[in-house]
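K.L.:
Structure incoming, see below.
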Amino acid sequence: MEIKDKVIVVTGASSGIGEAVVKLLAGKGAKLALVARSSEKIEKLAEESAGAFAIKADMSKIDEAREMIRKTHDRFGRIDVLINNAGQGYGALVEKIDIGKYRYLFDLNVLGPLVAMQTVIPIMRRQGGGTIINISSGTSQMYIPGLAAYSSTKRALNGLTLTARAELKKNNIVVSLMHPYITASDFYKNALRDRGGEGGHARDDADLPPPDSSEYVAGKILELMDSGEPESFAHDWMGK
Ligand SMILES: NC(=O)c1ccc[n+]([C@@H]2O[C@H](COP(=O)([O-])OP(=O)(O)OC[C@H]3O[C@@H](n4cnc5c(N)ncnc54)[C@H](OP(=O)(O)O)[C@@H]3O)[C@@H](O)[C@H]2O)c1
């Protein structure tokens, strides 16, 4: 995909994978909407990235998820790509999952991306097409003790994404999933956790390969924008 002048929304742009995607896309001349709650961080990043602007939004809130798409459309008059990347981890044993925290996680990891998709689909349909990439997780293919809450939200996202892909094919809207492996970012620091949960992944497993960099995952996301494949895993051995 030719990136130059494409209008691209990146949620969770203030840190980690989202920030790395923004830097990569800005370098290729995209027109970017940077979405997160940390307004200072995204405003600074927008200043450094020609053609970018910052939208403060809490993606766990339906109205704000809808509004950030509308603001992007008002600003640029079209939206070519939506990257639903904002998300958070939660480590807790099933027996101990806090229902309030799980509801929040579901709002953020599932309903936020869903509402963003629902708002952008009519825009993309009118334009004659578009690309939606939802950032899931390798853990959505696994059953890791302490990670049920998080991985189940990503599993829900997988279902919505691949079904939307089938529904929207006729409209030339390509919907895909990216599954990162363990990635060095603030994800683990930011994850919610309760007793018995790891907060993000089974980090104690000494047999695991080392984490990826956010820049590596950003590169994979760009490859996926290009290929339009249904799913991409950070590594070939994942998802098997
Ligand atoms: N790191 C990993 O090992 C890993 C592995 C698999 C999948 N993933 C997925 O990759 C995505 C990015 O994670 P990351 O590793 O880059 O983590 P991160 O460094 O913690 O970044 C998370 C991003 O999401 C935003 N965010 C969190 N809550 C939000 C809310 N309520 N509203 C709007 N934005 C919110 C944060 O911005 P603000 O705090 O400024 O709002 C931040 O920009 C997530 O969906 C995560 O589930 C990560």
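In the structure tokens, chains take the letters A, B, ... in the order shown, each chain's residues start at 1, and ligands count up from 1 in the order shown.
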Compute the set of protein, DNA and RNA residues whose minimum atom distance to ligand 1 is at most 7 Å, using only C-alpha atoms and all ligand atoms, and state it as a PyMOL selection string.

P.N.:
chain A and resi 11-18+35-39+57-60+85-89+108-109+135-138+179-188+190+214

K.L.:
Could you pull out the residues in stretch 52-190 of chain A that DSSP calls helix (DSSP H, G or I) from the backbone, as a ChimeraX atom specification?

P.N.:
/A:62-76,94-96,99-127,138-141,148-171,187-190

K.L.:
Near stretch 113-123 of chain A, within 7 Å and counting only C-alpha atoms, which residues show up once chain neighbours fewer than 3 positions away are dropped, as a list of chain:residue names?

P.N.:
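In the requested form, the answer reads A:Ile62, A:Ala65, A:Arg66, A:Ile69, A:Asn84, A:Asn109, A:Val110, A:Arg126, A:Gln127.
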
K.L.:
Restricting it to N, CA, C and O atoms, dump the selection as a CSV table (one decimal), in the first residue's frame.

P.N.:
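Contents of the output file out.csv:
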chain,number,residue,atom,x,y,z
A,62,ILE,N,-17.8,4.7,24.8
A,62,ILE,CA,-18.5,4.6,23.5
A,62,ILE,C,-18.5,5.9,22.8
A,62,ILE,O,-18.1,6.0,21.6
A,65,ALA,N,-15.0,6.9,21.6
A,65,ALA,CA,-14.5,6.1,20.5
A,65,ALA,C,-15.2,6.5,19.2
A,65,ALA,O,-14.5,6.6,18.1
A,66,ARG,N,-16.4,6.9,19.2
A,66,ARG,CA,-17.2,7.3,18.1
A,66,ARG,C,-16.7,8.7,17.6
A,66,ARG,O,-16.4,8.9,16.4
A,69,ILE,N,-13.3,9.1,15.6
A,69,ILE,CA,-13.5,8.9,14.2
A,69,ILE,C,-14.1,10.1,13.5
A,69,ILE,O,-13.6,10.5,12.4
A,84,ASN,N,-6.8,-0.2,15.3
A,84,ASN,CA,-7.3,-0.3,16.7
A,84,ASN,C,-6.3,-1.0,17.6
A,84,ASN,O,-6.2,-2.2,17.6
A,109,ASN,N,-10.9,-3.2,25.4
A,109,ASN,CA,-10.3,-4.1,24.4
A,109,ASN,C,-11.3,-4.6,23.3
A,109,ASN,O,-10.8,-5.1,22.3
A,110,VAL,N,-12.6,-4.5,23.6
A,110,VAL,CA,-13.6,-5.1,22.6
A,110,VAL,C,-14.5,-4.0,22.1
A,110,VAL,O,-14.6,-3.7,20.9
A,126,ARG,N,-18.5,4.5,1.7
A,126,ARG,CA,-18.8,5.7,0.8
A,126,ARG,C,-17.6,6.0,-0.1
A,126,ARG,O,-17.7,6.3,-1.3
A,127,GLN,N,-16.4,5.8,0.5
A,127,GLN,CA,-15.2,6.1,-0.2
A,127,GLN,C,-14.8,5.0,-1.3
A,127,GLN,O,-13.9,5.2,-2.1

K.L.:
Quick one: of A:Ser49, A:Asn172, A:Thr139, A:Asn134, who's nearest to A:Gly112, counting only C-alpha atoms?

P.N.:
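Closest to A:Gly112 of all the choices is A:Asn134.
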
K.L.:
I'd like to know which of A:Glu215, A:Asp5, A:Glu95, A:Glu231 is closest to A:Val81, using only C-alpha atoms.

P.N.:
A:Asp5

K.L.:
With only C-alpha atoms as the atoms that count, which of A:Gly129, A:Pro209, A:Gly51, A:Gly159 lies nearest to A:Gln141?

P.N.:
A:Gly159

K.L.:
Could you check which of A:Lys96, A:Ile8, A:Glu67, A:Pro211 is closest to A:Pro145, using only C-alpha atoms?

P.N.:
A:Lys96
